[in-house]
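Trainee: Here you go, this is target_29.cif (mmCIF, C-alpha atoms, pLDDT in the B column; chains and numbers go by the auth columns).
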data_entry
loop_
_atom_site.group_PDB
_atom_site.id
_atom_site.type_symbol
_atom_site.label_atom_id
_atom_site.label_comp_id
_atom_site.label_asym_id
_atom_site.label_seq_id
_atom_site.Cartn_x
_atom_site.Cartn_y
_atom_site.Cartn_z
_atom_site.B_iso_or_equiv
_atom_site.auth_seq_id
_atom_site.auth_asym_id
ATOM 1 C CA MET A 1 0.000 0.000 0.000 57.00 9 A
ATOM 2 C CA THR A 2 1.285 3.444 -0.917 53.00 10 A
ATOM 3 C CA SER A 3 0.573 6.482 1.212 48.00 11 A
ATOM 4 C CA SER A 4 0.317 10.086 0.132 49.00 12 A
ATOM 5 C CA TYR A 5 0.019 11.559 3.618 60.00 13 A
ATOM 6 C CA LEU A 6 -3.764 11.572 4.004 84.00 14 A
ATOM 7 C CA PHE A 7 -4.527 8.943 1.357 93.00 15 A
ATOM 8 C CA GLU A 8 -3.823 5.224 1.223 94.00 16 A
ATOM 9 C CA VAL A 9 -3.550 3.860 -2.307 96.00 17 A
ATOM 10 C CA CYS A 10 -3.592 0.125 -2.915 96.00 18 A
ATOM 11 C CA PRO A 11 -3.836 -1.359 -6.423 97.00 19 A
ATOM 12 C CA LEU A 12 -5.790 -4.627 -6.280 97.00 20 A
ATOM 13 C CA ALA A 13 -5.603 -5.425 -10.003 95.00 21 A
ATOM 14 C CA SER A 14 -4.345 -3.750 -13.145 93.00 22 A
ATOM 15 C CA GLY A 15 -4.555 -5.228 -16.606 89.00 23 A
ATOM 16 C CA SER A 16 -6.828 -6.687 -19.231 87.00 24 A
ATOM 17 C CA LYS A 17 -8.094 -9.373 -16.815 91.00 25 A
ATOM 18 C CA GLY A 18 -9.320 -6.820 -14.286 93.00 26 A
ATOM 19 C CA ASN A 19 -8.793 -3.428 -12.693 94.00 27 A
ATOM 20 C CA ALA A 20 -9.508 -2.304 -9.156 97.00 28 A
ATOM 21 C CA LEU A 21 -7.891 0.383 -7.014 97.00 29 A
ATOM 22 C CA PHE A 22 -8.557 0.915 -3.307 98.00 30 A
ATOM 23 C CA ILE A 23 -8.167 4.468 -2.015 97.00 31 A
ATOM 24 C CA GLY A 24 -8.549 5.087 1.679 96.00 32 A
ATOM 25 C CA CYS A 25 -9.033 8.457 3.334 94.00 33 A
ATOM 26 C CA CYS A 26 -10.744 9.707 6.498 88.00 34 A
ATOM 27 C CA GLY A 27 -11.609 6.191 7.661 88.00 35 A
ATOM 28 C CA GLN A 28 -13.513 5.407 4.479 93.00 36 A
ATOM 29 C CA GLY A 29 -12.608 3.432 1.400 97.00 37 A
ATOM 30 C CA ILE A 30 -13.283 4.212 -2.227 98.00 38 A
ATOM 31 C CA LEU A 31 -12.947 1.535 -4.878 98.00 39 A
ATOM 32 C CA VAL A 32 -12.077 2.921 -8.286 98.00 40 A
ATOM 33 C CA ASP A 33 -13.338 0.273 -10.707 96.00 41 A
ATOM 34 C CA ALA A 34 -14.235 -3.281 -9.773 96.00 42 A
ATOM 35 C CA GLY A 35 -13.130 -5.392 -12.713 95.00 43 A
ATOM 36 C CA LEU A 36 -12.677 -8.704 -10.914 96.00 44 A
ATOM 37 C CA SER A 37 -15.356 -10.916 -9.400 95.00 45 A
ATOM 38 C CA GLY A 38 -16.735 -9.716 -6.091 95.00 46 A
ATOM 39 C CA ILE A 39 -15.171 -12.699 -4.315 96.00 47 A
ATOM 40 C CA GLU A 40 -11.759 -12.008 -5.838 97.00 48 A
ATOM 41 C CA ILE A 41 -11.876 -8.334 -4.853 97.00 49 A
ATOM 42 C CA GLU A 42 -12.836 -9.348 -1.303 97.00 50 A
ATOM 43 C CA ARG A 43 -9.942 -11.846 -1.245 97.00 51 A
ATOM 44 C CA ARG A 44 -7.465 -9.212 -2.408 97.00 52 A
ATOM 45 C CA LEU A 45 -8.737 -6.675 0.124 97.00 53 A
ATOM 46 C CA ALA A 46 -8.388 -9.260 2.907 97.00 54 A
ATOM 47 C CA ALA A 47 -4.836 -10.083 1.774 97.00 55 A
ATOM 48 C CA ARG A 48 -4.002 -6.423 2.452 96.00 56 A
ATOM 49 C CA ASP A 49 -5.913 -6.306 5.763 95.00 57 A
ATOM 50 C CA ILE A 50 -8.581 -4.008 4.313 95.00 58 A
ATOM 51 C CA ASP A 51 -12.098 -4.654 5.598 94.00 59 A
ATOM 52 C CA PRO A 52 -14.578 -4.510 2.675 93.00 60 A
ATOM 53 C CA GLY A 53 -17.058 -3.017 5.148 92.00 61 A
ATOM 54 C CA ARG A 54 -14.876 0.092 5.023 94.00 62 A
ATOM 55 C CA LEU A 55 -15.908 0.713 1.395 97.00 63 A
ATOM 56 C CA THR A 56 -18.229 3.699 1.108 97.00 64 A
ATOM 57 C CA ALA A 57 -18.226 4.087 -2.683 98.00 65 A
ATOM 58 C CA ILE A 58 -17.393 2.418 -5.972 98.00 66 A
ATOM 59 C CA ILE A 59 -16.517 4.739 -8.850 98.00 67 A
ATOM 60 C CA ILE A 60 -16.650 3.334 -12.375 97.00 68 A
ATOM 61 C CA THR A 61 -14.347 4.984 -14.931 96.00 69 A
ATOM 62 C CA HIS A 62 -15.802 3.303 -18.033 91.00 70 A
ATOM 63 C CA GLU A 63 -17.966 0.382 -19.118 90.00 71 A
ATOM 64 C CA HIS A 64 -15.451 -2.300 -20.113 86.00 72 A
ATOM 65 C CA SER A 65 -15.920 -5.556 -18.217 89.00 73 A
ATOM 66 C CA ASP A 66 -12.368 -5.448 -16.833 88.00 74 A
ATOM 67 C CA HIS A 67 -13.503 -2.340 -14.917 92.00 75 A
ATOM 68 C CA VAL A 68 -17.078 -3.263 -13.880 94.00 76 A
ATOM 69 C CA LYS A 69 -17.295 -7.056 -13.437 94.00 77 A
ATOM 70 C CA GLY A 70 -17.646 -7.091 -9.623 95.00 78 A
ATOM 71 C CA ALA A 71 -19.250 -3.684 -9.044 96.00 79 A
ATOM 72 C CA GLY A 72 -22.852 -4.883 -8.922 95.00 80 A
ATOM 73 C CA ILE A 73 -22.271 -7.775 -6.540 94.00 81 A
ATOM 74 C CA LEU A 74 -20.081 -5.716 -4.196 96.00 82 A
ATOM 75 C CA SER A 75 -22.642 -2.921 -4.192 96.00 83 A
ATOM 76 C CA ARG A 76 -25.436 -5.329 -3.306 95.00 84 A
ATOM 77 C CA ARG A 77 -23.419 -7.373 -0.800 95.00 85 A
ATOM 78 C CA PHE A 78 -22.104 -4.391 1.187 96.00 86 A
ATOM 79 C CA ASN A 79 -24.733 -1.744 0.371 96.00 87 A
ATOM 80 C CA ILE A 80 -22.190 0.478 -1.405 97.00 88 A
ATOM 81 C CA PRO A 81 -23.280 3.268 -3.758 98.00 89 A
ATOM 82 C CA VAL A 82 -21.932 3.114 -7.304 97.00 90 A
ATOM 83 C CA PHE A 83 -20.883 6.404 -8.936 98.00 91 A
ATOM 84 C CA ILE A 84 -20.969 6.377 -12.740 97.00 92 A
ATOM 85 C CA THR A 85 -21.731 8.642 -15.683 96.00 93 A
ATOM 86 C CA LEU A 86 -25.156 8.249 -17.277 96.00 94 A
ATOM 87 C CA LYS A 87 -23.635 7.309 -20.650 96.00 95 A
ATOM 88 C CA THR A 88 -21.347 4.711 -19.071 95.00 96 A
ATOM 89 C CA HIS A 89 -24.253 3.207 -17.147 95.00 97 A
ATOM 90 C CA ALA A 90 -26.292 2.935 -20.343 93.00 98 A
ATOM 91 C CA ALA A 91 -23.374 1.070 -21.972 94.00 99 A
ATOM 92 C CA CYS A 92 -22.878 -1.350 -19.039 90.00 100 A
ATOM 93 C CA SER A 93 -24.587 -4.672 -19.400 78.00 101 A
ATOM 94 C CA GLY A 94 -22.937 -6.469 -16.493 72.00 102 A
ATOM 95 C CA LEU A 95 -23.793 -4.341 -13.460 82.00 103 A
ATOM 96 C CA GLY A 96 -27.127 -5.887 -12.579 81.00 104 A
ATOM 97 C CA LYS A 97 -29.542 -4.133 -10.245 86.00 105 A
ATOM 98 C CA ILE A 98 -27.943 -1.489 -8.055 91.00 106 A
ATOM 99 C CA ASP A 99 -30.031 0.067 -5.301 89.00 107 A
ATOM 100 C CA ASP A 100 -27.834 3.117 -4.772 95.00 108 A
ATOM 101 C CA LEU A 101 -26.737 4.461 -8.145 96.00 109 A
ATOM 102 C CA LYS A 102 -25.277 7.973 -8.286 97.00 110 A
ATOM 103 C CA PHE A 103 -24.639 9.737 -11.586 97.00 111 A
ATOM 104 C CA PHE A 104 -21.908 12.284 -12.183 98.00 112 A
ATOM 105 C CA ASP A 105 -20.769 14.359 -15.135 97.00 113 A
ATOM 106 C CA PRO A 106 -17.168 14.750 -16.302 96.00 114 A
ATOM 107 C CA GLY A 107 -15.856 18.113 -15.144 95.00 115 A
ATOM 108 C CA GLU A 108 -18.376 18.419 -12.276 98.00 116 A
ATOM 109 C CA PRO A 109 -16.865 17.793 -8.814 98.00 117 A
ATOM 110 C CA PHE A 110 -18.807 15.747 -6.275 98.00 118 A
ATOM 111 C CA GLY A 111 -18.181 14.626 -2.721 97.00 119 A
ATOM 112 C CA ILE A 112 -17.799 11.266 -1.074 97.00 120 A
ATOM 113 C CA GLY A 113 -17.639 12.021 2.627 94.00 121 A
ATOM 114 C CA ASP A 114 -14.998 14.718 3.050 94.00 122 A
ATOM 115 C CA VAL A 115 -13.199 13.820 -0.195 96.00 123 A
ATOM 116 C CA THR A 116 -13.824 15.916 -3.308 97.00 124 A
ATOM 117 C CA ILE A 117 -13.788 13.901 -6.520 98.00 125 A
ATOM 118 C CA THR A 118 -13.293 15.704 -9.821 98.00 126 A
ATOM 119 C CA PRO A 119 -13.875 13.496 -12.868 98.00 127 A
ATOM 120 C CA PHE A 120 -12.418 14.530 -16.215 95.00 128 A
ATOM 121 C CA SER A 121 -12.758 13.128 -19.719 92.00 129 A
ATOM 122 C CA THR A 122 -10.024 10.871 -21.066 92.00 130 A
ATOM 123 C CA SER A 123 -9.190 9.440 -24.477 85.00 131 A
ATOM 124 C CA HIS A 124 -10.142 5.761 -24.592 84.00 132 A
ATOM 125 C CA ASP A 125 -12.351 3.513 -26.714 80.00 133 A
ATOM 126 C CA ALA A 126 -15.358 3.792 -24.424 87.00 134 A
ATOM 127 C CA VAL A 127 -18.530 5.899 -24.499 90.00 135 A
ATOM 128 C CA ASP A 128 -17.679 8.322 -21.666 93.00 136 A
ATOM 129 C CA PRO A 129 -14.349 7.396 -20.018 95.00 137 A
ATOM 130 C CA VAL A 130 -13.073 9.439 -17.088 96.00 138 A
ATOM 131 C CA GLY A 131 -10.013 9.927 -14.971 95.00 139 A
ATOM 132 C CA LEU A 132 -10.306 11.311 -11.449 97.00 140 A
ATOM 133 C CA THR A 133 -8.663 13.536 -8.941 97.00 141 A
ATOM 134 C CA LEU A 134 -9.388 13.076 -5.263 97.00 142 A
ATOM 135 C CA GLU A 135 -8.724 15.949 -2.871 96.00 143 A
ATOM 136 C CA TYR A 136 -8.753 16.237 0.892 95.00 144 A
ATOM 137 C CA GLN A 137 -7.212 18.918 3.098 93.00 145 A
ATOM 138 C CA GLY A 138 -5.126 20.392 0.293 92.00 146 A
ATOM 139 C CA ARG A 139 -3.778 17.038 -0.909 94.00 147 A
ATOM 140 C CA LYS A 140 -4.607 15.788 -4.374 96.00 148 A
ATOM 141 C CA ILE A 141 -4.085 12.428 -6.021 96.00 149 A
ATOM 142 C CA GLY A 142 -4.803 11.642 -9.662 97.00 150 A
ATOM 143 C CA VAL A 143 -6.091 8.442 -11.240 95.00 151 A
ATOM 144 C CA ALA A 144 -6.134 7.767 -14.982 93.00 152 A
ATOM 145 C CA THR A 145 -6.574 4.187 -16.173 87.00 153 A
ATOM 146 C CA ASP A 146 -6.601 3.080 -19.810 84.00 154 A
ATOM 147 C CA LEU A 147 -5.360 6.575 -20.476 79.00 155 A
ATOM 148 C CA GLY A 148 -4.578 6.405 -24.167 78.00 156 A
ATOM 149 C CA ILE A 149 -3.429 9.943 -24.931 83.00 157 A
ATOM 150 C CA ALA A 150 -2.461 12.440 -22.238 85.00 158 A
ATOM 151 C CA THR A 151 -4.469 15.361 -23.598 85.00 159 A
ATOM 152 C CA SER A 152 -4.060 18.948 -22.433 89.00 160 A
ATOM 153 C CA LEU A 153 -7.133 18.478 -20.224 90.00 161 A
ATOM 154 C CA VAL A 154 -5.643 15.373 -18.587 88.00 162 A
ATOM 155 C CA LYS A 155 -2.333 17.150 -17.958 92.00 163 A
ATOM 156 C CA GLU A 156 -4.132 20.150 -16.462 93.00 164 A
ATOM 157 C CA ARG A 157 -6.314 18.022 -14.161 93.00 165 A
ATOM 158 C CA LEU A 158 -3.372 15.912 -12.940 94.00 166 A
ATOM 159 C CA LYS A 159 -1.084 18.903 -12.395 95.00 167 A
ATOM 160 C CA ASN A 160 0.080 19.389 -8.787 94.00 168 A
ATOM 161 C CA ALA A 161 -1.068 15.956 -7.651 95.00 169 A
ATOM 162 C CA SER A 162 1.100 14.531 -4.893 94.00 170 A
ATOM 163 C CA LEU A 163 0.520 11.012 -6.228 95.00 171 A
ATOM 164 C CA LEU A 164 -0.440 9.735 -9.689 94.00 172 A
ATOM 165 C CA TYR A 165 -1.866 6.334 -10.510 94.00 173 A
ATOM 166 C CA LEU A 166 -1.571 5.833 -14.256 91.00 174 A
ATOM 167 C CA GLU A 167 -2.231 2.842 -16.463 82.00 175 A
#
What would the structure in this file look like if it were written as structure tokens?
Mentor:
Amino acid sequence: MTSSYLFEVCPLASGSKGNALFIGCCGQGILVDAGLSGIEIERRLAARDIDPGRLTAIIITHEHSDHVKGAGILSRRFNIPVFITLKTHAACSGLGKIDDLKFFDPGEPFGIGDVTITPFSTSHDAVDPVGLTLEYQGRKIGVATDLGIATSLVKERLKNASLLYLE
């Protein structure tokens, strides 16, 4: 697990077989993408001594199965809200029923607890792919998976981050 002062960052999976990134802050946990089975994500969290009950949100960056496979089951099993763009949700066939679905728009910040999330558009072969910055108490980390091209917008959004997670 990597620490950026106030944030804990723990990659659980990265690659074409699945993507999942745990980010901890303020006693809560945010899962960016859930591209493995729910059981496998739980196993990998346990291997790092992270209680899945600590998860307060799942954020989906785009609709590819290697980013969404376990999101629905984890959401249902642990009553975790799923944050996703409307276009990405419409393109997702594998989420299943989610009781607490929260939509966001690229470029419009939103909060998860005390953490401010700012999604931004990225270049990838998906309908509405996003990268993210997460900010808390003046600290910022950036996340951009399946980045493709680092556009001017991406560079601007990731500027001054104390930690970058790029794929």
Trainee: Which residues are close to stretch 61-78 of chain A, i.e. within 8 Å by only C-alpha atoms, leaving aside same-chain residues fewer than 5 positions away? Reply as a PyMOL selection string.
Mentor: chain A and resi 23-28+35-46+49+83+86+88-92+96-97+99-100+102-103+120+134-139+153
Trainee: Keeping only C-alpha atoms, write those residues as a short mmCIF file (atom, residue, chain, number, x, y, z; two decimals), keeping the file's coordinate frame.
Mentor:
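And here's selection_15.cif as it stands now:
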data_model
loop_
_atom_site.label_atom_id
_atom_site.label_comp_id
_atom_site.auth_asym_id
_atom_site.auth_seq_id
_atom_site.Cartn_x
_atom_site.Cartn_y
_atom_site.Cartn_z
CA GLY A 23 -4.56 -5.23 -16.61
CA SER A 24 -6.83 -6.69 -19.23
CA LYS A 25 -8.09 -9.37 -16.82
CA GLY A 26 -9.32 -6.82 -14.29
CA ASN A 27 -8.79 -3.43 -12.69
CA ALA A 28 -9.51 -2.30 -9.16
CA GLY A 35 -11.61 6.19 7.66
CA GLN A 36 -13.51 5.41 4.48
CA GLY A 37 -12.61 3.43 1.40
CA ILE A 38 -13.28 4.21 -2.23
CA LEU A 39 -12.95 1.54 -4.88
CA VAL A 40 -12.08 2.92 -8.29
CA ASP A 41 -13.34 0.27 -10.71
CA ALA A 42 -14.24 -3.28 -9.77
CA GLY A 43 -13.13 -5.39 -12.71
CA LEU A 44 -12.68 -8.70 -10.91
CA SER A 45 -15.36 -10.92 -9.40
CA GLY A 46 -16.74 -9.72 -6.09
CA ILE A 49 -11.88 -8.33 -4.85
CA SER A 83 -22.64 -2.92 -4.19
CA PHE A 86 -22.10 -4.39 1.19
CA ILE A 88 -22.19 0.48 -1.40
CA PRO A 89 -23.28 3.27 -3.76
CA VAL A 90 -21.93 3.11 -7.30
CA PHE A 91 -20.88 6.40 -8.94
CA ILE A 92 -20.97 6.38 -12.74
CA THR A 96 -21.35 4.71 -19.07
CA HIS A 97 -24.25 3.21 -17.15
CA ALA A 99 -23.37 1.07 -21.97
CA CYS A 100 -22.88 -1.35 -19.04
CA GLY A 102 -22.94 -6.47 -16.49
CA LEU A 103 -23.79 -4.34 -13.46
CA ILE A 120 -17.80 11.27 -1.07
CA ALA A 134 -15.36 3.79 -24.42
CA VAL A 135 -18.53 5.90 -24.50
CA ASP A 136 -17.68 8.32 -21.67
CA PRO A 137 -14.35 7.40 -20.02
CA VAL A 138 -13.07 9.44 -17.09
CA GLY A 139 -10.01 9.93 -14.97
CA THR A 153 -6.57 4.19 -16.17
#
Trainee: Assuming 8 Å of padding per side, give the centre and edge lengths of the axis-aligned box around every listed atom of stretch 95-99 of chain A, in Å to one decimal and as lines of an AutoDock Vina configuration file.
Mentor:
center_x = -23.8
center_y = 4.2
center_z = -19.6
size_x = 20.9
size_y = 22.2
size_z = 20.8
Trainee: Atom CA of A:Cys18 and atom CA of A:Leu166 are how many Å apart?
Mentor: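 Separation between atom CA of A:Cys18 and atom CA of A:Leu166: 18.7 Å.
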Trainee: Determine, counting only C-alpha atoms, which protein, DNA and RNA residues have an atom within 9 Å of an atom of A:Ala169; residues of the same chain fewer than 5 positions away are not included. Present the result as a list in words.
Mentor: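 Final neighbour list, sorted by chain and number: Thr141, Arg147, Lys148, Ile149 and Gly150 of chain A.
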Trainee: For A:Ile47, find every residue with an atom within 9 Å (counting all atoms listed in the file), except residues of its own chain fewer than 3 positions away, and show them as a list in words.
Mentor: Leu44, Glu50, Arg51, Arg52, Gly78, Ile81 and Leu82 of chain A
Trainee: Tell me which protein, DNA and RNA residues are within 12 Å of A:Gly146, counting only C-alpha atoms, leaving out same-chain ones fewer than 2 positions away, and put them as a VMD selection string.
Mentor: chain A and resid 12 to 15 122 to 124 142 to 144 148 to 149 168 to 170
Trainee: Smallest atom-to-atom distance to A:Asn87: which of A:Leu155, A:Leu109, A:Ala55, A:Leu174, using only C-alpha atoms?
Mentor: A:Leu109
Trainee: Which is closer to A:Thr159 than all the others in A:Arg84, A:Gly119, A:Cys34, A:Ser129, using only C-alpha atoms?
Mentor: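 Under the stated criterion, the closest residue is A:Ser129.
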Trainee: Mind pulling up the distance from atom CA of A:Leu161 to atom CA of A:Phe128?
Mentor: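 Separation between atom CA of A:Phe128 and atom CA of A:Leu161: 7.7 Å.
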Trainee: If you measure from atom CA of A:Leu140 to atom CA of A:Ile125, what distance in Å do you get, rounded to one decimal?
Mentor: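 Between these atoms lies a distance of 6.6 Å.
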Trainee: On this structure, which residues satisfy the PyMOL selection byres ((chain A and resi 131) around 6), written as a PyMOL selection string?
Mentor: chain A and resi 130+132+156-157
Trainee: Point out the residue among A:Lys110, A:Lys105, A:Lys167, A:Lys95 with the least atom-to-atom distance to A:Gly80, counting only C-alpha atoms.
Mentor: A:Lys105
Trainee: Go through A:Val17, A:Cys33, A:Ala79, A:Leu53 one by one, measure the shortest atom-to-atom distance of each to A:Ser101 using only C-alpha atoms, and give the residue with the smallest value.
Mentor: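 So, comparing all the options, the nearest one is A:Ala79.
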Trainee: Closest to A:Leu172 among A:Glu116, A:Glu48, A:Ile58, A:Val151, using all atoms listed in the file?
Mentor: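 Looking only at the distances to A:Leu172, the closest residue turns out to be A:Val151.
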